[in-house]
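Asks: Have a look at this one.
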Amino acid sequence: SCSVCRIAMAKDNVPYVVPMSFGFTYESRILTLYFHCAKEGKKIDFLKQNPVVCFEMDSSAKIIEAREACGYGFSYQSVIGTGKAEFVSNEDEKINALKHIMFHYTGKTDFEFSKAAVDKTLVFKVISEDYTVKRK
């Protein structure tokens, strides 16, 4: 149910976080996240130097009211984890990743992608076995 995944990375001891649209697979307790973006930019520079990332996504945030200020809180669902970003170069794997992204937002799987669109798009994935899921 999360619509945005925040990816945190670091380069030369400088942190950087970016919100991204995503798709995913979940098999045998392994979470694979798929992302797409332009082939150049700050996040690509960061990931090329240091592919280790942390990710966070949340949904259903709602304030829980109380009589006193310290009694207020939030209800939410979240996923936080770590992994290593891997650039996807195989055209079939890129198309598969793009289909997972589109499925996440539309529930549809019948998309086609032109070779030109696939060629100009950078796709990377983060495979994580180290994540936590929380609901409050």
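Each chain of the structure tokens is named A, B, ... in the order shown, its residues numbered from 1; ligands are numbered from 1 in display order.
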A:Lys136: which residues within 9 Å, counting only C-alpha atoms, same-chain residues fewer than 3 positions away excluded, as a PyMOL selection string?
Replies: chain A and resi 74-78
Asks: Do a neighbour search on A:Phe87 at 8 Å with only C-alpha atoms, toss out local chain neighbours closer than 4 positions, and write the hits as a list of chain:residue names.
Replies: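 Contacts, in chain order: A:Leu122, A:Val123, A:Phe124, A:Lys125.
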Asks: Give the strand (DSSP E or B) residues of chain A, as assigned by DSSP on the backbone, as a short mmCIF file (atom, residue, chain, number, x, y, z; two decimals) with all heavy atoms, in the first residue's frame.
Replies:
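Result file result.cif:
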data_model
loop_
_atom_site.label_atom_id
_atom_site.label_comp_id
_atom_site.auth_asym_id
_atom_site.auth_seq_id
_atom_site.Cartn_x
_atom_site.Cartn_y
_atom_site.Cartn_z
N CYS A 5 8.90 5.08 -1.99
CA CYS A 5 9.99 4.46 -1.25
C CYS A 5 11.13 5.46 -1.20
O CYS A 5 11.55 5.99 -2.23
CB CYS A 5 10.44 3.17 -1.92
SG CYS A 5 11.76 2.31 -1.02
N ARG A 6 11.62 5.73 -0.01
CA ARG A 6 12.74 6.65 0.15
C ARG A 6 14.02 5.83 0.21
O ARG A 6 14.13 4.91 1.01
CB ARG A 6 12.56 7.48 1.41
CG ARG A 6 11.39 8.44 1.29
CD ARG A 6 10.88 8.90 2.66
NE ARG A 6 9.57 9.51 2.53
CZ ARG A 6 8.42 8.83 2.56
NH1 ARG A 6 8.43 7.52 2.73
NH2 ARG A 6 7.27 9.45 2.42
N ILE A 7 14.98 6.20 -0.64
CA ILE A 7 16.25 5.51 -0.70
C ILE A 7 17.31 6.43 -0.11
O ILE A 7 17.49 7.56 -0.58
CB ILE A 7 16.63 5.18 -2.17
CG1 ILE A 7 15.56 4.35 -2.84
CG2 ILE A 7 17.98 4.48 -2.23
CD1 ILE A 7 15.44 2.96 -2.30
N ALA A 8 18.01 5.94 0.90
CA ALA A 8 19.09 6.70 1.53
C ALA A 8 20.42 6.09 1.10
O ALA A 8 20.57 4.87 1.04
CB ALA A 8 18.97 6.66 3.05
N MET A 9 21.35 6.98 0.75
CA MET A 9 22.67 6.54 0.29
C MET A 9 23.72 7.51 0.82
O MET A 9 23.37 8.55 1.37
CB MET A 9 22.68 6.46 -1.24
CG MET A 9 22.24 7.74 -1.91
SD MET A 9 21.71 7.54 -3.62
CE MET A 9 20.01 7.12 -3.43
N ALA A 10 24.97 7.17 0.64
CA ALA A 10 26.04 8.05 1.10
C ALA A 10 27.21 8.00 0.14
O ALA A 10 27.52 6.95 -0.44
CB ALA A 10 26.51 7.65 2.49
N LYS A 11 27.84 9.16 -0.04
CA LYS A 11 29.03 9.27 -0.88
C LYS A 11 29.97 10.24 -0.19
O LYS A 11 29.57 11.34 0.19
CB LYS A 11 28.63 9.80 -2.27
CG LYS A 11 29.78 10.09 -3.19
CD LYS A 11 29.27 10.68 -4.50
CE LYS A 11 30.41 11.32 -5.25
NZ LYS A 11 29.93 12.14 -6.35
N VAL A 14 28.79 11.90 2.90
CA VAL A 14 27.67 12.82 2.77
C VAL A 14 26.41 12.00 2.52
O VAL A 14 26.34 11.24 1.54
CB VAL A 14 27.89 13.82 1.61
CG1 VAL A 14 26.68 14.71 1.43
CG2 VAL A 14 29.14 14.64 1.86
N PRO A 15 25.39 12.12 3.38
CA PRO A 15 24.16 11.38 3.17
C PRO A 15 23.27 12.05 2.13
O PRO A 15 23.35 13.26 1.92
CB PRO A 15 23.49 11.39 4.54
CG PRO A 15 24.00 12.63 5.18
CD PRO A 15 25.39 12.86 4.64
N TYR A 16 22.42 11.24 1.50
CA TYR A 16 21.48 11.74 0.50
C TYR A 16 20.28 10.81 0.50
O TYR A 16 20.45 9.58 0.53
CB TYR A 16 22.16 11.76 -0.88
CG TYR A 16 21.32 12.30 -2.00
CD1 TYR A 16 20.86 13.61 -1.99
CD2 TYR A 16 21.01 11.50 -3.09
CE1 TYR A 16 20.11 14.11 -3.05
CE2 TYR A 16 20.25 12.00 -4.15
CZ TYR A 16 19.80 13.30 -4.12
OH TYR A 16 19.06 13.79 -5.17
N VAL A 17 19.09 11.36 0.50
CA VAL A 17 17.88 10.55 0.46
C VAL A 17 16.98 11.08 -0.64
O VAL A 17 16.90 12.29 -0.87
CB VAL A 17 17.15 10.53 1.83
CG1 VAL A 17 16.64 11.89 2.23
CG2 VAL A 17 16.04 9.50 1.84
N VAL A 18 16.33 10.16 -1.36
CA VAL A 18 15.49 10.56 -2.48
C VAL A 18 14.22 9.70 -2.47
O VAL A 18 14.30 8.48 -2.28
CB VAL A 18 16.25 10.45 -3.82
CG1 VAL A 18 16.70 9.05 -4.09
CG2 VAL A 18 15.45 11.00 -4.96
N PRO A 19 13.05 10.34 -2.64
CA PRO A 19 11.81 9.56 -2.75
C PRO A 19 11.66 9.04 -4.18
O PRO A 19 11.95 9.76 -5.14
CB PRO A 19 10.72 10.60 -2.42
CG PRO A 19 11.32 11.91 -2.81
CD PRO A 19 12.81 11.78 -2.61
N MET A 20 11.23 7.79 -4.32
CA MET A 20 11.11 7.20 -5.66
C MET A 20 9.86 6.33 -5.76
O MET A 20 9.44 5.73 -4.78
CB MET A 20 12.34 6.35 -5.97
CG MET A 20 13.64 7.14 -6.00
SD MET A 20 15.01 6.17 -6.64
CE MET A 20 14.56 6.06 -8.37
N GLY A 23 8.55 -0.73 -7.75
CA GLY A 23 7.83 -1.99 -7.87
C GLY A 23 8.57 -2.99 -7.02
O GLY A 23 9.68 -2.71 -6.54
N PHE A 24 8.00 -4.16 -6.83
CA PHE A 24 8.67 -5.12 -5.96
C PHE A 24 8.24 -6.54 -6.25
O PHE A 24 7.20 -6.78 -6.86
CB PHE A 24 8.40 -4.80 -4.49
CG PHE A 24 6.95 -5.00 -4.09
CD1 PHE A 24 6.54 -6.20 -3.52
CD2 PHE A 24 6.01 -4.00 -4.28
CE1 PHE A 24 5.22 -6.39 -3.17
CE2 PHE A 24 4.69 -4.18 -3.93
CZ PHE A 24 4.28 -5.38 -3.37
N THR A 25 9.07 -7.47 -5.78
CA THR A 25 8.70 -8.87 -5.68
C THR A 25 9.05 -9.31 -4.26
O THR A 25 9.93 -8.73 -3.61
CB THR A 25 9.44 -9.77 -6.69
OG1 THR A 25 10.84 -9.68 -6.47
CG2 THR A 25 9.10 -9.38 -8.12
N TYR A 26 8.34 -10.31 -3.80
CA TYR A 26 8.60 -10.87 -2.47
C TYR A 26 8.51 -12.38 -2.59
O TYR A 26 7.43 -12.93 -2.81
CB TYR A 26 7.58 -10.33 -1.45
CG TYR A 26 7.83 -10.81 -0.05
CD1 TYR A 26 8.90 -10.30 0.70
CD2 TYR A 26 7.02 -11.76 0.54
CE1 TYR A 26 9.13 -10.73 1.99
CE2 TYR A 26 7.25 -12.20 1.83
CZ TYR A 26 8.30 -11.69 2.55
OH TYR A 26 8.55 -12.12 3.83
N GLU A 27 9.66 -13.04 -2.48
CA GLU A 27 9.71 -14.49 -2.61
C GLU A 27 10.66 -15.06 -1.58
O GLU A 27 11.80 -14.60 -1.45
CB GLU A 27 10.18 -14.88 -4.02
CG GLU A 27 9.25 -14.42 -5.13
CD GLU A 27 9.80 -14.70 -6.52
OE1 GLU A 27 10.72 -15.52 -6.64
OE2 GLU A 27 9.29 -14.08 -7.46
N ILE A 30 12.63 -12.84 0.66
CA ILE A 30 13.55 -11.90 0.01
C ILE A 30 12.72 -10.84 -0.69
O ILE A 30 11.88 -11.14 -1.53
CB ILE A 30 14.48 -12.61 -0.98
CG1 ILE A 30 15.36 -13.61 -0.21
CG2 ILE A 30 15.33 -11.60 -1.75
CD1 ILE A 30 16.21 -14.49 -1.09
N LEU A 31 12.96 -9.59 -0.33
CA LEU A 31 12.27 -8.45 -0.90
C LEU A 31 13.17 -7.83 -1.96
O LEU A 31 14.31 -7.45 -1.67
CB LEU A 31 11.96 -7.42 0.19
CG LEU A 31 11.31 -6.12 -0.24
CD1 LEU A 31 9.93 -6.37 -0.86
CD2 LEU A 31 11.18 -5.17 0.96
N THR A 32 12.68 -7.76 -3.19
CA THR A 32 13.42 -7.10 -4.27
C THR A 32 12.63 -5.88 -4.69
O THR A 32 11.45 -5.98 -5.05
CB THR A 32 13.62 -8.05 -5.47
OG1 THR A 32 14.32 -9.22 -5.04
CG2 THR A 32 14.43 -7.35 -6.57
N LEU A 33 13.27 -4.72 -4.60
CA LEU A 33 12.66 -3.46 -4.99
C LEU A 33 13.24 -3.03 -6.34
O LEU A 33 14.44 -3.14 -6.55
CB LEU A 33 12.95 -2.37 -3.95
CG LEU A 33 12.48 -2.69 -2.53
CD1 LEU A 33 13.05 -1.67 -1.56
CD2 LEU A 33 10.95 -2.69 -2.48
N TYR A 34 12.38 -2.52 -7.22
CA TYR A 34 12.81 -2.06 -8.54
C TYR A 34 12.54 -0.57 -8.66
O TYR A 34 11.47 -0.09 -8.27
CB TYR A 34 12.04 -2.80 -9.64
CG TYR A 34 12.27 -4.28 -9.66
CD1 TYR A 34 11.34 -5.15 -9.11
CD2 TYR A 34 13.44 -4.81 -10.22
CE1 TYR A 34 11.56 -6.53 -9.13
CE2 TYR A 34 13.66 -6.18 -10.24
CZ TYR A 34 12.71 -7.02 -9.70
OH TYR A 34 12.93 -8.38 -9.72
N PHE A 35 13.50 0.15 -9.24
CA PHE A 35 13.41 1.60 -9.42
C PHE A 35 13.84 1.97 -10.83
O PHE A 35 14.63 1.25 -11.45
CB PHE A 35 14.33 2.32 -8.42
CG PHE A 35 14.07 1.94 -7.00
CD1 PHE A 35 14.80 0.93 -6.40
CD2 PHE A 35 13.10 2.58 -6.25
CE1 PHE A 35 14.57 0.56 -5.08
CE2 PHE A 35 12.85 2.23 -4.94
CZ PHE A 35 13.60 1.22 -4.35
N HIS A 36 13.34 3.09 -11.32
CA HIS A 36 13.77 3.59 -12.63
C HIS A 36 14.06 5.07 -12.53
O HIS A 36 13.48 5.78 -11.69
CB HIS A 36 12.70 3.32 -13.70
CG HIS A 36 11.47 4.14 -13.52
ND1 HIS A 36 11.29 5.35 -14.15
CD2 HIS A 36 10.38 3.95 -12.78
CE1 HIS A 36 10.12 5.85 -13.80
NE2 HIS A 36 9.55 5.02 -12.96
N CYS A 37 14.95 5.55 -13.38
CA CYS A 37 15.31 6.95 -13.36
C CYS A 37 16.13 7.27 -14.62
O CYS A 37 16.37 6.39 -15.44
CB CYS A 37 16.12 7.29 -12.11
SG CYS A 37 17.62 6.32 -11.90
N VAL A 52 25.57 0.52 -1.28
CA VAL A 52 24.84 0.13 -0.08
C VAL A 52 23.81 1.21 0.24
O VAL A 52 24.14 2.40 0.32
CB VAL A 52 25.79 -0.09 1.11
CG1 VAL A 52 25.01 -0.42 2.37
CG2 VAL A 52 26.79 -1.19 0.79
N VAL A 53 22.55 0.78 0.41
CA VAL A 53 21.47 1.74 0.65
C VAL A 53 20.62 1.29 1.83
O VAL A 53 20.64 0.14 2.25
CB VAL A 53 20.55 1.89 -0.59
CG1 VAL A 53 21.33 2.40 -1.79
CG2 VAL A 53 19.83 0.59 -0.92
N CYS A 54 19.87 2.24 2.34
CA CYS A 54 18.81 1.99 3.29
C CYS A 54 17.53 2.47 2.62
O CYS A 54 17.56 3.46 1.88
CB CYS A 54 19.08 2.76 4.59
SG CYS A 54 17.80 2.52 5.85
N PHE A 55 16.44 1.78 2.84
CA PHE A 55 15.18 2.22 2.26
C PHE A 55 14.11 2.29 3.35
O PHE A 55 14.19 1.60 4.37
CB PHE A 55 14.73 1.31 1.11
CG PHE A 55 14.56 -0.13 1.48
CD1 PHE A 55 13.35 -0.60 1.98
CD2 PHE A 55 15.61 -1.02 1.35
CE1 PHE A 55 13.19 -1.93 2.33
CE2 PHE A 55 15.45 -2.36 1.68
CZ PHE A 55 14.24 -2.81 2.19
N GLU A 56 13.14 3.15 3.11
CA GLU A 56 12.02 3.32 4.04
C GLU A 56 10.78 3.64 3.23
O GLU A 56 10.82 4.41 2.28
CB GLU A 56 12.30 4.46 5.01
CG GLU A 56 11.25 4.65 6.10
CD GLU A 56 10.01 5.45 5.69
OE1 GLU A 56 10.05 6.18 4.67
OE2 GLU A 56 8.98 5.35 6.39
N MET A 57 9.68 3.02 3.60
CA MET A 57 8.38 3.36 3.03
C MET A 57 7.33 3.21 4.12
O MET A 57 7.51 2.45 5.07
CB MET A 57 8.06 2.48 1.82
CG MET A 57 8.06 1.00 2.08
SD MET A 57 7.90 0.04 0.57
CE MET A 57 9.58 -0.48 0.32
N ASP A 58 6.29 4.01 4.01
CA ASP A 58 5.24 3.94 5.03
C ASP A 58 3.90 4.26 4.40
O ASP A 58 3.83 4.82 3.31
CB ASP A 58 5.55 4.90 6.19
CG ASP A 58 5.75 6.32 5.72
OD1 ASP A 58 4.75 7.01 5.46
OD2 ASP A 58 6.92 6.74 5.62
N SER A 59 2.85 3.88 5.10
CA SER A 59 1.50 4.16 4.63
C SER A 59 0.55 4.23 5.80
O SER A 59 0.90 3.87 6.93
CB SER A 59 1.03 3.10 3.63
OG SER A 59 0.84 1.87 4.28
N SER A 60 -0.65 4.66 5.51
CA SER A 60 -1.76 4.68 6.47
C SER A 60 -1.45 5.52 7.71
O SER A 60 -1.94 5.22 8.80
CB SER A 60 -2.14 3.25 6.89
OG SER A 60 -2.44 2.48 5.76
N ALA A 61 -0.66 6.57 7.55
CA ALA A 61 -0.34 7.41 8.69
C ALA A 61 -1.58 8.19 9.13
O ALA A 61 -2.29 8.77 8.31
CB ALA A 61 0.79 8.38 8.34
N LYS A 62 -1.82 8.16 10.42
CA LYS A 62 -2.97 8.85 10.97
C LYS A 62 -2.64 9.28 12.40
O LYS A 62 -2.10 8.49 13.18
CB LYS A 62 -4.19 7.93 10.96
CG LYS A 62 -5.45 8.58 11.43
CD LYS A 62 -6.62 7.61 11.35
CE LYS A 62 -7.87 8.28 11.92
NZ LYS A 62 -9.00 7.35 11.94
N ILE A 63 -2.97 10.51 12.72
CA ILE A 63 -2.72 11.01 14.07
C ILE A 63 -3.69 10.36 15.05
O ILE A 63 -4.89 10.26 14.78
CB ILE A 63 -2.86 12.55 14.13
CG1 ILE A 63 -1.75 13.20 13.31
CG2 ILE A 63 -2.86 13.05 15.57
CD1 ILE A 63 -1.86 14.70 13.23
N ILE A 64 -3.16 9.93 16.17
CA ILE A 64 -3.97 9.42 17.27
C ILE A 64 -4.06 10.55 18.29
O ILE A 64 -3.04 10.98 18.84
CB ILE A 64 -3.33 8.17 17.91
CG1 ILE A 64 -3.22 7.05 16.88
CG2 ILE A 64 -4.15 7.73 19.14
CD1 ILE A 64 -2.41 5.87 17.36
N GLY A 73 -0.04 10.48 19.22
CA GLY A 73 0.85 9.54 18.54
C GLY A 73 0.42 9.35 17.10
O GLY A 73 -0.41 10.11 16.58
N PHE A 74 0.95 8.35 16.47
CA PHE A 74 0.63 8.03 15.08
C PHE A 74 0.31 6.55 14.96
O PHE A 74 0.94 5.71 15.61
CB PHE A 74 1.84 8.30 14.16
CG PHE A 74 1.81 9.62 13.49
CD1 PHE A 74 2.53 10.69 13.99
CD2 PHE A 74 1.08 9.81 12.32
CE1 PHE A 74 2.52 11.90 13.36
CE2 PHE A 74 1.05 11.02 11.68
CZ PHE A 74 1.77 12.08 12.20
N SER A 75 -0.63 6.24 14.11
CA SER A 75 -0.78 4.87 13.65
C SER A 75 -0.20 4.84 12.24
O SER A 75 -0.29 5.83 11.51
CB SER A 75 -2.25 4.43 13.66
OG SER A 75 -3.00 5.16 12.72
N TYR A 76 0.42 3.74 11.87
CA TYR A 76 1.08 3.67 10.57
C TYR A 76 1.49 2.24 10.27
O TYR A 76 1.42 1.36 11.13
CB TYR A 76 2.33 4.55 10.53
CG TYR A 76 3.38 4.14 11.54
CD1 TYR A 76 4.37 3.22 11.21
CD2 TYR A 76 3.35 4.63 12.85
CE1 TYR A 76 5.31 2.83 12.14
CE2 TYR A 76 4.29 4.22 13.77
CZ TYR A 76 5.26 3.33 13.42
OH TYR A 76 6.18 2.93 14.34
N GLN A 77 1.93 2.03 9.05
CA GLN A 77 2.58 0.80 8.62
C GLN A 77 3.89 1.22 7.96
O GLN A 77 3.92 2.22 7.24
CB GLN A 77 1.72 0.06 7.61
CG GLN A 77 0.36 -0.33 8.15
CD GLN A 77 -0.51 -0.93 7.06
OE1 GLN A 77 -0.50 -2.13 6.90
NE2 GLN A 77 -1.23 -0.10 6.34
N SER A 78 4.95 0.47 8.18
CA SER A 78 6.23 0.85 7.57
C SER A 78 7.09 -0.36 7.26
O SER A 78 6.92 -1.43 7.86
CB SER A 78 7.01 1.81 8.47
OG SER A 78 7.44 1.16 9.65
N VAL A 79 7.99 -0.16 6.31
CA VAL A 79 9.01 -1.14 5.97
C VAL A 79 10.33 -0.38 5.91
O VAL A 79 10.43 0.65 5.25
CB VAL A 79 8.75 -1.81 4.60
CG1 VAL A 79 9.83 -2.83 4.28
CG2 VAL A 79 7.38 -2.45 4.56
N ILE A 80 11.33 -0.87 6.63
CA ILE A 80 12.66 -0.26 6.63
C ILE A 80 13.66 -1.37 6.45
O ILE A 80 13.55 -2.44 7.08
CB ILE A 80 12.93 0.49 7.96
CG1 ILE A 80 11.90 1.60 8.17
CG2 ILE A 80 14.36 1.05 7.98
CD1 ILE A 80 11.98 2.26 9.53
N GLY A 81 14.65 -1.15 5.59
CA GLY A 81 15.64 -2.19 5.38
C GLY A 81 16.89 -1.68 4.70
O GLY A 81 17.01 -0.49 4.40
N THR A 82 17.79 -2.60 4.46
CA THR A 82 19.04 -2.28 3.78
C THR A 82 19.27 -3.28 2.65
O THR A 82 18.68 -4.36 2.62
CB THR A 82 20.24 -2.34 4.75
OG1 THR A 82 20.32 -3.65 5.30
CG2 THR A 82 20.11 -1.31 5.86
N GLY A 83 20.12 -2.89 1.75
CA GLY A 83 20.47 -3.76 0.64
C GLY A 83 21.54 -3.09 -0.21
O GLY A 83 22.09 -2.05 0.15
N LYS A 84 21.80 -3.69 -1.33
CA LYS A 84 22.82 -3.18 -2.24
C LYS A 84 22.17 -2.93 -3.59
O LYS A 84 21.52 -3.81 -4.15
CB LYS A 84 23.95 -4.22 -2.38
CG LYS A 84 25.13 -3.76 -3.15
CD LYS A 84 26.23 -4.81 -3.11
CE LYS A 84 27.44 -4.34 -3.88
NZ LYS A 84 28.51 -5.34 -3.86
N ALA A 85 22.32 -1.73 -4.10
CA ALA A 85 21.76 -1.37 -5.39
C ALA A 85 22.56 -2.05 -6.50
O ALA A 85 23.79 -2.04 -6.48
CB ALA A 85 21.77 0.14 -5.58
N GLU A 86 21.84 -2.64 -7.44
CA GLU A 86 22.46 -3.29 -8.59
C GLU A 86 21.82 -2.71 -9.85
O GLU A 86 20.60 -2.75 -9.99
CB GLU A 86 22.23 -4.80 -8.56
CG GLU A 86 22.81 -5.49 -7.36
CD GLU A 86 22.46 -6.99 -7.34
OE1 GLU A 86 22.16 -7.56 -8.41
OE2 GLU A 86 22.47 -7.56 -6.25
N PHE A 87 22.63 -2.20 -10.76
CA PHE A 87 22.12 -1.68 -12.02
C PHE A 87 21.74 -2.84 -12.92
O PHE A 87 22.46 -3.82 -13.03
CB PHE A 87 23.15 -0.78 -12.70
CG PHE A 87 23.45 0.46 -11.90
CD1 PHE A 87 24.63 0.58 -11.18
CD2 PHE A 87 22.54 1.50 -11.86
CE1 PHE A 87 24.90 1.70 -10.43
CE2 PHE A 87 22.80 2.65 -11.11
CZ PHE A 87 23.98 2.74 -10.40
N VAL A 88 20.58 -2.72 -13.56
CA VAL A 88 20.06 -3.76 -14.44
C VAL A 88 20.39 -3.38 -15.87
O VAL A 88 19.94 -2.34 -16.35
CB VAL A 88 18.54 -3.94 -14.26
CG1 VAL A 88 17.99 -4.96 -15.23
CG2 VAL A 88 18.22 -4.32 -12.82
N LEU A 122 17.32 4.09 -16.94
CA LEU A 122 18.19 3.32 -16.06
C LEU A 122 17.29 2.61 -15.05
O LEU A 122 16.38 3.23 -14.49
CB LEU A 122 19.18 4.23 -15.34
CG LEU A 122 20.20 3.46 -14.49
CD1 LEU A 122 21.58 4.07 -14.65
CD2 LEU A 122 19.78 3.44 -13.05
N VAL A 123 17.52 1.35 -14.86
CA VAL A 123 16.78 0.57 -13.87
C VAL A 123 17.78 0.00 -12.88
O VAL A 123 18.85 -0.47 -13.27
CB VAL A 123 15.99 -0.58 -14.55
CG1 VAL A 123 15.38 -1.51 -13.51
CG2 VAL A 123 14.92 -0.02 -15.48
N PHE A 124 17.44 0.10 -11.61
CA PHE A 124 18.24 -0.59 -10.61
C PHE A 124 17.33 -1.30 -9.63
O PHE A 124 16.15 -0.99 -9.51
CB PHE A 124 19.24 0.35 -9.90
CG PHE A 124 18.65 1.40 -9.01
CD1 PHE A 124 18.48 1.17 -7.65
CD2 PHE A 124 18.29 2.64 -9.51
CE1 PHE A 124 17.97 2.15 -6.81
CE2 PHE A 124 17.78 3.62 -8.69
CZ PHE A 124 17.61 3.38 -7.34
N LYS A 125 17.91 -2.30 -8.98
CA LYS A 125 17.15 -3.07 -8.01
C LYS A 125 17.93 -3.13 -6.70
O LYS A 125 19.16 -2.99 -6.68
CB LYS A 125 16.86 -4.48 -8.53
CG LYS A 125 18.08 -5.34 -8.74
CD LYS A 125 17.70 -6.68 -9.34
CE LYS A 125 18.94 -7.52 -9.67
NZ LYS A 125 18.58 -8.81 -10.27
N VAL A 126 17.18 -3.31 -5.64
CA VAL A 126 17.77 -3.51 -4.31
C VAL A 126 17.20 -4.81 -3.78
O VAL A 126 15.97 -4.95 -3.65
CB VAL A 126 17.44 -2.34 -3.36
CG1 VAL A 126 17.94 -2.64 -1.95
CG2 VAL A 126 18.02 -1.03 -3.88
N ILE A 127 18.06 -5.77 -3.53
CA ILE A 127 17.64 -7.05 -2.97
C ILE A 127 17.93 -7.01 -1.48
O ILE A 127 19.05 -6.73 -1.07
CB ILE A 127 18.38 -8.22 -3.65
CG1 ILE A 127 18.07 -8.23 -5.14
CG2 ILE A 127 18.01 -9.54 -2.98
CD1 ILE A 127 18.89 -9.22 -5.94
N SER A 128 16.89 -7.27 -0.69
CA SER A 128 17.06 -7.16 0.76
C SER A 128 16.55 -8.40 1.48
O SER A 128 15.44 -8.87 1.24
CB SER A 128 16.30 -5.94 1.28
OG SER A 128 16.45 -5.84 2.68
N GLU A 129 17.39 -8.89 2.36
CA GLU A 129 17.00 -9.92 3.31
C GLU A 129 17.01 -9.34 4.72
O GLU A 129 16.70 -10.03 5.69
CB GLU A 129 17.97 -11.10 3.23
CG GLU A 129 17.95 -11.82 1.90
CD GLU A 129 18.90 -13.00 1.86
OE1 GLU A 129 18.82 -13.85 2.77
OE2 GLU A 129 19.71 -13.06 0.92
N ASP A 130 17.37 -8.06 4.82
CA ASP A 130 17.50 -7.37 6.10
C ASP A 130 16.51 -6.20 6.14
O ASP A 130 16.84 -5.09 5.73
CB ASP A 130 18.94 -6.87 6.28
CG ASP A 130 19.16 -6.18 7.62
OD1 ASP A 130 18.36 -6.44 8.56
OD2 ASP A 130 20.09 -5.38 7.71
N TYR A 131 15.30 -6.48 6.61
CA TYR A 131 14.27 -5.45 6.66
C TYR A 131 13.35 -5.74 7.83
O TYR A 131 13.28 -6.88 8.33
CB TYR A 131 13.48 -5.40 5.35
CG TYR A 131 12.87 -6.72 4.97
CD1 TYR A 131 11.61 -7.09 5.45
CD2 TYR A 131 13.57 -7.62 4.18
CE1 TYR A 131 11.08 -8.32 5.12
CE2 TYR A 131 13.03 -8.85 3.85
CZ TYR A 131 11.79 -9.20 4.33
OH TYR A 131 11.26 -10.42 4.01
N THR A 132 12.64 -4.72 8.27
CA THR A 132 11.64 -4.88 9.32
C THR A 132 10.34 -4.28 8.81
O THR A 132 10.33 -3.30 8.06
CB THR A 132 12.05 -4.19 10.63
OG1 THR A 132 12.27 -2.81 10.39
CG2 THR A 132 13.31 -4.81 11.21
N VAL A 133 9.26 -4.87 9.26
CA VAL A 133 7.92 -4.41 8.92
C VAL A 133 7.23 -4.10 10.25
O VAL A 133 7.30 -4.90 11.19
CB VAL A 133 7.14 -5.49 8.15
CG1 VAL A 133 5.73 -5.04 7.85
CG2 VAL A 133 7.88 -5.89 6.90
N LYS A 134 6.60 -2.92 10.31
CA LYS A 134 5.97 -2.54 11.56
C LYS A 134 4.59 -1.97 11.29
O LYS A 134 4.39 -1.25 10.32
CB LYS A 134 6.82 -1.51 12.30
CG LYS A 134 6.29 -1.16 13.68
CD LYS A 134 7.24 -0.28 14.45
CE LYS A 134 6.68 0.04 15.82
NZ LYS A 134 7.57 0.91 16.57
N ARG A 135 3.67 -2.29 12.15
CA ARG A 135 2.33 -1.72 12.11
C ARG A 135 1.97 -1.27 13.52
O ARG A 135 2.11 -2.02 14.48
CB ARG A 135 1.30 -2.74 11.64
CG ARG A 135 -0.12 -2.19 11.66
CD ARG A 135 -1.13 -3.23 11.27
NE ARG A 135 -0.98 -3.49 9.85
CZ ARG A 135 -1.53 -4.50 9.22
NH1 ARG A 135 -2.27 -5.37 9.89
NH2 ARG A 135 -1.37 -4.68 7.93
#
Asks: So that I can check the secondary structure, give me every residue of stretch 22-78 of chain A assigned alpha helix (DSSP H) by backbone DSSP, as a list in words.
Replies: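 Of stretch 22-78 of chain A, only Lys42, Lys43, Ile44, Asp45, Phe46, Leu47, Lys48 and Gln49 of chain A fall in alpha helix (DSSP H).
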Asks: Mind giving me the straight-line distance from atom CA of A:Lys43 to atom CA of A:Glu112 in Å, one decimal?
Replies: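 Spanning atom CA of A:Lys43 to atom CA of A:Glu112 is a straight-line distance of 26.7 Å.
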